[in-house]
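Report on the structure given below.
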Amino acid sequence: MNNSIYQSLIKKNTKLAVIGLGYVGLPIALEFAKKIKVVGFDINLQRVDLMRNKVDPSKELTSEDFDGCDIHFTADLKDLKDVTFFIVAVPTPIDSANVPDLKPLIAASKTVGKVLKKGDYVVFESTVYPGCTEEDCVPVLEKESGLKFQKDFFLGYSPERINPGDKNHTLRNIVKVVSGCCEESLDNIAKTYELVVDAGVHRASSIKVAEAAKIIENTQRDVNIALINELSIIFNKLGINTFDVLEAAGTKWNFLKFQPGLVGGHCIGVDPYYLTHKAAQAGYNAKVITSGRFVNDSMGGYVAKQIVKKMLAQGKHLQDTRVLVMGATFKEDVSDIRNTKVIDVVKELQSYQVIVDVVDPHASSDEMIHEYGIGLNSNPSGKYDSIIVAVNHKEYSELPESYFKNLLVNEKGVFVDIKGIYRNKINELEYWSL
């Protein structure tokens, strides 16, 4: 075993590679590249060219973040030949049936396997179910490399905790969970990550424990938000504003301050399905988690139906109505449209023959068309029967009521404030929030 892999990295005798340079991989690669030699590998040559020119395709980092980094961006396997420490940070999505899609992970494992040498380390960061790293990835690494796990190469798992758009909770100041296939590998992996994580590392007792820890972080949030979403449905029937209720309940010291909303994105809306999938394989039907997923997945349709009811109550013919949706990304102040649940609102409205315009100052119209078949308007146009502020982007948070009044057909227009950012600020329009 290569006992000095950490030493050879800090002496720059060898290189670390990050496989997959998206929201997770690129920030990690650049942080390591300030301390050691790094190869940034991505299969998308267009993205690689952008990064060579100090442009983050995900629009999270500035050109200054690339300064002073000893990094070579590539899509060429040959550039991985002299790497001894591989970090895999590729997406782990779900398919249309909410089943884990391991294709990117298996493809990345094949890539690493083709260049793997004796003594090398492979650390996975992608969110997976407990057991996936050893049961699904190791056989691929062994087959492609002809090497034996724990004899010829060594493995670790260190889940990512990147929060897109969050400039406070960054790689450096969030404790990093690390794990290894043996004590020595754990030590080398922990020391390597300590190079870039000021907050320190937590050494998990096994790879499976580290995998499970990551997946329950997002599952816990998902279930808690589902409870609040269900409460908002109940309170709507009772004629009570949910945000008023949460404000009152939040005065108790141990009340957990979750809010209702559309739960999308590539983490909270996806990760629980990895856990329920593995639970089913183990013979257990995860009822609480599955119920939470059902509630959260159905909120887009629920919001659209409430708007339709309100427009019908005003005597409007749905096929003649126009709705403006403000915000298309999965969360505020980011460009990320992956698994956005705003699209559920749009498609449900369209199923009632409602004409829907969507605007967003951060999202790309081309990406929206490619992903969902729905483009963005550069600006609102004409008059609308309803306006939905679906994402609380900073550009929307300070708009006066008069701005919305000017866009609506008349004062009977329905103003929908999904995140409650206009609570107590809308006085003349018909106001509704979750």
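In the structure tokens, each chain is lettered A, B, ... as it comes, each chain's residues begin at 1, and ligands are numbered from 1 in order of appearance.
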
Open item on the list: Residues within 12 Å of stretch 65-73 of chain A, please, as an MDAnalysis selection string. Count only C-alpha atoms; anything in the same chain fewer than 4 positions from it doesn't count.
Closed with: chainID A and resid 12 15:21 25:56 59:61 77 79:80 83

Shell around A:Ser185 at 8 Å using only C-alpha atoms, local window under 3 positions removed, as a CSV table (one decimal) with C-alpha atoms, in the first residue's frame:
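Contents of result19.csv, freshly written:
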```
chain,number,residue,atom,x,y,z
A,154,PHE,CA,-8.1,1.9,-2.0
A,155,LEU,CA,-11.5,3.5,-1.6
A,156,GLY,CA,-13.2,6.3,0.4
A,180,GLY,CA,-12.1,4.9,4.0
A,181,CYS,CA,-12.0,1.2,3.4
A,182,CYS,CA,-9.4,0.7,6.2
A,188,ASN,CA,-4.7,9.4,4.1
A,189,ILE,CA,-8.1,10.6,2.9
```

Open item on the list: I'd like to know which of A:Ser365, A:Asn218, A:Ser232, A:Asn241 is closest to A:Tyr431, using only C-alpha atoms.
Closed with: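 Counting only C-alpha atoms, the residue closest to A:Tyr431 is A:Asn241.
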
At most 12 Å is the cut-off: for each residue in stretch 68-158 of chain A with any atom that close to an atom of stretch 336-345 of chain A, write down the nearest atom pair and the distance in Å rounded to one decimal, counting only C-alpha atoms, chain first then increasing number, as JSON lines.
```
{"residue": "A:Pro91", "atom": "CA", "partner": "A:Arg338", "partner_atom": "CA", "distance": 10.8}
{"residue": "A:Thr92", "atom": "CA", "partner": "A:Arg338", "partner_atom": "CA", "distance": 12.0}
{"residue": "A:Pro93", "atom": "CA", "partner": "A:Asn339", "partner_atom": "CA", "distance": 9.3}
{"residue": "A:Ile94", "atom": "CA", "partner": "A:Asn339", "partner_atom": "CA", "distance": 9.8}
{"residue": "A:Asp95", "atom": "CA", "partner": "A:Asn339", "partner_atom": "CA", "distance": 11.0}
{"residue": "A:Ser96", "atom": "CA", "partner": "A:Asn339", "partner_atom": "CA", "distance": 11.0}
{"residue": "A:Asn98", "atom": "CA", "partner": "A:Asn339", "partner_atom": "CA", "distance": 11.6}
```

For the residues in that selection, give me N, CA and C atoms as an mmCIF file, in the first residue's frame.
```
data_model
loop_
_atom_site.group_PDB
_atom_site.id
_atom_site.type_symbol
_atom_site.label_atom_id
_atom_site.label_comp_id
_atom_site.auth_asym_id
_atom_site.auth_seq_id
_atom_site.Cartn_x
_atom_site.Cartn_y
_atom_site.Cartn_z
ATOM 1 N N PRO A 91 -23.200 13.747 -11.058
ATOM 2 C CA PRO A 91 -24.588 13.746 -10.561
ATOM 3 C C PRO A 91 -25.116 12.334 -10.333
ATOM 4 N N THR A 92 -26.020 12.202 -9.372
ATOM 5 C CA THR A 92 -26.745 10.943 -9.170
ATOM 6 C C THR A 92 -28.238 11.266 -9.184
ATOM 7 N N PRO A 93 -28.812 11.360 -10.382
ATOM 8 C CA PRO A 93 -30.228 11.738 -10.503
ATOM 9 C C PRO A 93 -31.162 10.545 -10.318
ATOM 10 N N ILE A 94 -32.446 10.813 -10.527
ATOM 11 C CA ILE A 94 -33.452 9.746 -10.580
ATOM 12 C C ILE A 94 -34.089 9.787 -11.959
ATOM 13 N N ASP A 95 -34.681 8.660 -12.381
ATOM 14 C CA ASP A 95 -35.338 8.652 -13.689
ATOM 15 C C ASP A 95 -36.793 9.069 -13.551
ATOM 16 N N SER A 96 -37.557 8.960 -14.642
ATOM 17 C CA SER A 96 -38.947 9.439 -14.645
ATOM 18 C C SER A 96 -39.830 8.636 -13.698
ATOM 19 N N ASN A 98 -38.772 7.795 -10.697
ATOM 20 C CA ASN A 98 -38.169 8.072 -9.376
ATOM 21 C C ASN A 98 -37.254 6.941 -8.887
#
```

Could you build a table of the residues in stretch 199-225 of chain A lying no more than 12 Å from stretch 134-153 of chain A, giving for each the nearest pair of atoms and their separation in Å rounded to one decimal place, using only C-alpha atoms, ordered by chain and ascending residue number, as a Markdown table?
```
| residue | atom | partner | partner_atom | distance |
| --- | --- | --- | --- | --- |
| A:Ser206 | CA | A:Glu134 | CA | 10.9 |
| A:Ile207 | CA | A:Glu134 | CA | 8.1 |
| A:Lys208 | CA | A:Glu134 | CA | 8.5 |
| A:Glu211 | CA | A:Glu134 | CA | 10.6 |
```
